[in-house]
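Structure file structure31.cif; described as mmCIF, N, CA and C atoms.
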data_protein
loop_
_atom_site.label_atom_id
_atom_site.label_comp_id
_atom_site.auth_asym_id
_atom_site.auth_seq_id
_atom_site.Cartn_x
_atom_site.Cartn_y
_atom_site.Cartn_z
N MET A 25 0.85 -1.15 0.00
CA MET A 25 0.00 0.00 0.00
C MET A 25 0.91 1.23 0.00
N ILE A 26 0.43 2.28 -0.62
CA ILE A 26 1.20 3.52 -0.67
C ILE A 26 0.40 4.62 0.02
N GLU A 27 1.05 5.34 0.91
CA GLU A 27 0.45 6.54 1.50
C GLU A 27 0.70 7.67 0.52
N PRO A 28 -0.31 8.15 -0.17
CA PRO A 28 -0.09 9.13 -1.23
C PRO A 28 0.49 10.46 -0.75
N ILE A 29 0.11 10.91 0.42
CA ILE A 29 0.60 12.21 0.89
C ILE A 29 2.09 12.15 1.20
N LYS A 30 2.51 11.09 1.87
CA LYS A 30 3.92 10.95 2.23
C LYS A 30 4.74 10.23 1.16
N GLY A 31 4.04 9.56 0.23
CA GLY A 31 4.74 8.79 -0.79
C GLY A 31 5.47 7.59 -0.22
N LYS A 32 5.01 7.13 0.92
CA LYS A 32 5.67 6.03 1.62
C LYS A 32 4.98 4.70 1.29
N ARG A 33 5.80 3.69 1.04
CA ARG A 33 5.27 2.34 0.80
C ARG A 33 5.13 1.61 2.13
N LEU A 34 3.99 0.93 2.29
CA LEU A 34 3.73 0.16 3.50
C LEU A 34 3.65 -1.31 3.16
N GLY A 35 4.34 -2.13 3.92
CA GLY A 35 4.26 -3.58 3.76
C GLY A 35 3.05 -4.10 4.53
N PRO A 36 2.78 -5.40 4.43
CA PRO A 36 1.62 -5.99 5.11
C PRO A 36 1.57 -5.71 6.61
N ALA A 37 2.70 -5.77 7.29
CA ALA A 37 2.71 -5.53 8.74
C ALA A 37 2.37 -4.07 9.05
N GLU A 38 2.89 -3.15 8.25
CA GLU A 38 2.60 -1.74 8.47
C GLU A 38 1.14 -1.40 8.17
N VAL A 39 0.58 -2.04 7.14
CA VAL A 39 -0.83 -1.83 6.82
C VAL A 39 -1.70 -2.29 7.99
N GLU A 40 -1.40 -3.46 8.51
CA GLU A 40 -2.19 -3.99 9.62
C GLU A 40 -2.04 -3.10 10.86
N GLU A 41 -0.85 -2.61 11.11
CA GLU A 41 -0.63 -1.74 12.26
C GLU A 41 -1.39 -0.42 12.10
N LYS A 42 -1.34 0.14 10.91
CA LYS A 42 -1.98 1.44 10.65
C LYS A 42 -3.50 1.35 10.54
N MET A 43 -3.99 0.32 9.85
CA MET A 43 -5.42 0.24 9.55
C MET A 43 -6.19 -0.74 10.44
N GLY A 44 -5.49 -1.64 11.11
CA GLY A 44 -6.15 -2.58 12.00
C GLY A 44 -6.59 -3.87 11.33
N VAL A 45 -6.33 -3.99 10.04
CA VAL A 45 -6.68 -5.21 9.28
C VAL A 45 -5.54 -5.52 8.31
N PRO A 46 -5.39 -6.78 7.90
CA PRO A 46 -4.38 -7.10 6.89
C PRO A 46 -4.79 -6.57 5.51
N PRO A 47 -3.85 -6.45 4.59
CA PRO A 47 -4.17 -5.94 3.25
C PRO A 47 -5.32 -6.68 2.57
N SER A 48 -5.47 -7.96 2.83
CA SER A 48 -6.53 -8.73 2.19
C SER A 48 -7.93 -8.28 2.61
N GLN A 49 -8.03 -7.52 3.70
CA GLN A 49 -9.34 -7.06 4.18
C GLN A 49 -9.57 -5.57 3.94
N MET A 50 -8.69 -4.91 3.20
CA MET A 50 -8.84 -3.48 2.98
C MET A 50 -10.12 -3.11 2.23
N ALA A 51 -10.51 -3.89 1.25
CA ALA A 51 -11.74 -3.59 0.50
C ALA A 51 -12.95 -3.65 1.43
N ASP A 52 -13.00 -4.65 2.30
CA ASP A 52 -14.10 -4.77 3.25
C ASP A 52 -14.07 -3.63 4.26
N LEU A 53 -12.88 -3.24 4.72
CA LEU A 53 -12.75 -2.13 5.66
C LEU A 53 -13.30 -0.85 5.04
N LEU A 54 -12.90 -0.55 3.82
CA LEU A 54 -13.37 0.66 3.14
C LEU A 54 -14.87 0.60 2.86
N ALA A 55 -15.39 -0.59 2.56
CA ALA A 55 -16.83 -0.73 2.32
C ALA A 55 -17.62 -0.40 3.59
N LEU A 56 -17.12 -0.79 4.75
CA LEU A 56 -17.82 -0.52 6.00
C LEU A 56 -17.69 0.93 6.43
N MET A 57 -16.49 1.47 6.41
CA MET A 57 -16.29 2.82 6.94
C MET A 57 -16.51 3.91 5.90
N GLY A 58 -16.51 3.55 4.62
CA GLY A 58 -16.69 4.53 3.57
C GLY A 58 -15.40 5.29 3.28
N ASP A 59 -15.43 6.05 2.21
CA ASP A 59 -14.28 6.85 1.81
C ASP A 59 -14.82 8.07 1.06
N SER A 60 -14.90 9.20 1.75
CA SER A 60 -15.50 10.40 1.15
C SER A 60 -14.73 10.88 -0.08
N SER A 61 -13.43 10.66 -0.12
CA SER A 61 -12.65 11.12 -1.28
C SER A 61 -13.00 10.34 -2.54
N ASP A 62 -13.48 9.12 -2.39
CA ASP A 62 -13.89 8.31 -3.54
C ASP A 62 -15.41 8.19 -3.64
N ASN A 63 -16.14 8.99 -2.83
CA ASN A 63 -17.59 9.00 -2.83
C ASN A 63 -18.20 7.63 -2.51
N ILE A 64 -17.59 6.93 -1.56
CA ILE A 64 -18.12 5.65 -1.08
C ILE A 64 -18.77 5.92 0.27
N PRO A 65 -20.09 5.75 0.38
CA PRO A 65 -20.79 6.18 1.59
C PRO A 65 -20.48 5.37 2.85
N GLY A 66 -20.27 4.09 2.76
CA GLY A 66 -20.03 3.28 3.95
C GLY A 66 -21.29 3.11 4.77
N CYS A 67 -21.15 2.59 5.98
CA CYS A 67 -22.27 2.35 6.88
C CYS A 67 -22.32 3.47 7.91
N PRO A 68 -23.49 4.06 8.11
CA PRO A 68 -23.60 5.14 9.09
C PRO A 68 -23.15 4.69 10.48
N GLY A 69 -22.35 5.52 11.12
CA GLY A 69 -21.91 5.23 12.49
C GLY A 69 -20.74 4.28 12.60
N ILE A 70 -20.20 3.82 11.48
CA ILE A 70 -19.05 2.91 11.52
C ILE A 70 -17.83 3.63 10.97
N GLY A 71 -16.86 3.82 11.84
CA GLY A 71 -15.61 4.44 11.46
C GLY A 71 -14.52 3.39 11.35
N PRO A 72 -13.28 3.82 11.23
CA PRO A 72 -12.17 2.89 11.06
C PRO A 72 -12.01 1.87 12.19
N LYS A 73 -12.13 2.32 13.43
CA LYS A 73 -11.94 1.40 14.56
C LYS A 73 -13.03 0.36 14.64
N LYS A 74 -14.28 0.78 14.50
CA LYS A 74 -15.42 -0.16 14.57
C LYS A 74 -15.37 -1.11 13.38
N ALA A 75 -15.03 -0.61 12.20
CA ALA A 75 -14.95 -1.47 11.01
C ALA A 75 -13.88 -2.54 11.21
N ALA A 76 -12.70 -2.15 11.73
CA ALA A 76 -11.62 -3.11 11.98
C ALA A 76 -12.05 -4.14 13.02
N LYS A 77 -12.75 -3.68 14.06
CA LYS A 77 -13.22 -4.60 15.10
C LYS A 77 -14.22 -5.61 14.53
N LEU A 78 -15.16 -5.13 13.73
CA LEU A 78 -16.15 -6.03 13.13
C LEU A 78 -15.50 -7.03 12.18
N LEU A 79 -14.52 -6.59 11.40
CA LEU A 79 -13.83 -7.51 10.50
C LEU A 79 -12.98 -8.51 11.28
N GLY A 80 -12.43 -8.08 12.41
CA GLY A 80 -11.70 -9.01 13.27
C GLY A 80 -12.62 -10.08 13.82
N GLN A 81 -13.86 -9.71 14.09
CA GLN A 81 -14.84 -10.65 14.65
C GLN A 81 -15.45 -11.55 13.58
N PHE A 82 -15.81 -10.97 12.42
CA PHE A 82 -16.55 -11.72 11.41
C PHE A 82 -15.74 -12.10 10.18
N GLY A 83 -14.64 -11.41 9.91
CA GLY A 83 -13.77 -11.78 8.79
C GLY A 83 -14.05 -11.06 7.49
N THR A 84 -15.33 -10.98 7.09
CA THR A 84 -15.69 -10.33 5.83
C THR A 84 -17.01 -9.58 6.01
N VAL A 85 -17.30 -8.68 5.08
CA VAL A 85 -18.58 -7.98 5.11
C VAL A 85 -19.71 -8.98 4.92
N GLN A 86 -19.53 -9.96 4.05
CA GLN A 86 -20.58 -10.95 3.82
C GLN A 86 -20.88 -11.74 5.08
N ALA A 87 -19.84 -12.17 5.80
CA ALA A 87 -20.05 -12.90 7.05
C ALA A 87 -20.74 -12.00 8.08
N LEU A 88 -20.40 -10.73 8.09
CA LEU A 88 -21.05 -9.76 8.98
C LEU A 88 -22.53 -9.66 8.65
N LEU A 89 -22.86 -9.54 7.37
CA LEU A 89 -24.26 -9.47 6.95
C LEU A 89 -25.01 -10.75 7.28
N ASP A 90 -24.35 -11.89 7.13
CA ASP A 90 -24.98 -13.18 7.43
C ASP A 90 -25.26 -13.34 8.93
N ASN A 91 -24.53 -12.60 9.76
CA ASN A 91 -24.67 -12.73 11.22
C ASN A 91 -25.00 -11.39 11.87
N VAL A 92 -25.72 -10.54 11.18
CA VAL A 92 -25.99 -9.19 11.67
C VAL A 92 -26.71 -9.19 13.02
N SER A 93 -27.45 -10.22 13.32
CA SER A 93 -28.15 -10.28 14.61
C SER A 93 -27.18 -10.37 15.79
N GLU A 94 -25.94 -10.75 15.53
CA GLU A 94 -24.93 -10.86 16.59
C GLU A 94 -24.22 -9.54 16.87
N VAL A 95 -24.44 -8.55 16.02
CA VAL A 95 -23.77 -7.26 16.18
C VAL A 95 -24.52 -6.45 17.23
N LYS A 96 -23.78 -5.95 18.20
CA LYS A 96 -24.38 -5.16 19.26
C LYS A 96 -24.38 -3.69 18.87
N ALA A 97 -25.49 -3.02 19.18
CA ALA A 97 -25.58 -1.59 18.93
C ALA A 97 -24.70 -0.85 19.92
N LYS A 98 -24.29 0.34 19.56
CA LYS A 98 -23.45 1.15 20.43
C LYS A 98 -24.16 1.36 21.77
N GLY A 99 -23.48 1.05 22.84
CA GLY A 99 -24.04 1.20 24.18
C GLY A 99 -24.86 0.02 24.66
N GLU A 100 -25.08 -0.96 23.80
CA GLU A 100 -25.85 -2.15 24.20
C GLU A 100 -24.98 -3.04 25.08
N ARG A 101 -25.56 -3.53 26.14
CA ARG A 101 -24.81 -4.40 27.05
C ARG A 101 -25.07 -5.86 26.72
N GLU A 102 -24.10 -6.68 27.09
CA GLU A 102 -24.24 -8.10 26.93
C GLU A 102 -25.16 -8.62 28.02
N ARG A 103 -26.02 -9.55 27.68
CA ARG A 103 -26.98 -10.07 28.66
C ARG A 103 -26.53 -11.37 29.23
#

Could you render the structure as structure tokens?
Amino acid sequence: MIEPIKGKRLGPAEVEEKMGVPPSQMADLLALMGDSSDNIPGCPGIGPKKAAKLLGQFGTVQALLDNVSEVKAKGERER
């Protein structure tokens, strides 16, 4: 991955450290959190940290959609 502003190349470990997911999950991360510069709306209320956490739990956007009933709303407590 390349950071366009700094012109710096990032390897897989740096991508995971910076974004919270491995390079193979970047498309899913951007789909969840959106990208205003590319006019991708994303999911309301989901930013980079929440998107990375959800992908860590479910693996892919499709798996997340298949198990949406398991996703807790913000502020919801475990019973």

Atom N of A:Val45 to atom C of A:Lys77: how many Å, to one decimal?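 Atom-to-atom, atom N of A:Val45 to atom C of A:Lys77, that is 9.2 Å.
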
If we count all atoms listed in the file, what is near A:Met57 at a cut-off of 7 Å, once residues fewer than 3 positions away on the same chain are taken out, given as a PyMOL selection string? chain A and resi 52-54+60+64-67+70-72+75

Could you check how far atom CA of A:Gly80 sits from atom CA of A:Gly44, in Å to one decimal? 8.6 Å

Please report, as a PyMOL selection string, each residue of chain A to which DSSP assigns helix (DSSP H, G or I) when run on this structure's backbone. chain A and resi 36-43+47-57+60-62+72-82+85-90+92-94

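Relative to atom CA of A:Lys74, atom CA of A:Glu94 is found at 14.5 Å.
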
Counting only N, CA and C atoms, the option among A:Leu78, A:Val92, A:Ile26, A:Lys73 closest to A:Met43: A:Lys73

Select, from A:Leu79, A:Val95, A:Met25, A:Ala87, the residue with the minimum atom-to-atom distance to A:Lys42, counting only C-alpha atoms. A:Met25

Picked from chain A by DSSP as strand (DSSP E), as a list in words: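 Matching residues for strand (DSSP E) in chain A are Ile26, Glu27, Lys32 and Arg33 of chain A.
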
With only C-alpha atoms as the basis for distance, which of A:Pro28, A:Gly58, A:Ala76, A:Gly69 is at the shortest distance from A:Glu41?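 With only C-alpha atoms as the atom set, the closest residue is A:Ala76.
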
Using all atoms listed in the file: which of A:Val85, A:Asn63, A:Val39, A:Ile29 has the shortest distance to A:Ala51: A:Val85

For A:Gln49, work out the shell of residues within 8 Å, counting all atoms listed in the file and skipping chain neighbours fewer than 6 positions away, then give it as a PDB file with N, CA and C atoms, in the frame of the given file.
ATOM      1  N   ALA A  55     -15.390  -0.590   2.560  1.00  0.00           N
ATOM      2  CA  ALA A  55     -16.830  -0.730   2.320  1.00  0.00           C
ATOM      3  C   ALA A  55     -17.620  -0.400   3.590  1.00  0.00           C
ATOM      4  N   LEU A  79     -14.520  -6.590  11.400  1.00  0.00           N
ATOM      5  CA  LEU A  79     -13.830  -7.510  10.500  1.00  0.00           C
ATOM      6  C   LEU A  79     -12.980  -8.510  11.280  1.00  0.00           C
ATOM      7  N   GLY A  83     -14.640 -11.410   9.910  1.00  0.00           N
ATOM      8  CA  GLY A  83     -13.770 -11.780   8.790  1.00  0.00           C
ATOM      9  C   GLY A  83     -14.050 -11.060   7.490  1.00  0.00           C
ATOM     10  N   THR A  84     -15.330 -10.980   7.090  1.00  0.00           N
ATOM     11  CA  THR A  84     -15.690 -10.330   5.830  1.00  0.00           C
ATOM     12  C   THR A  84     -17.010  -9.580   6.010  1.00  0.00           C
TER      13      THR A  84
END
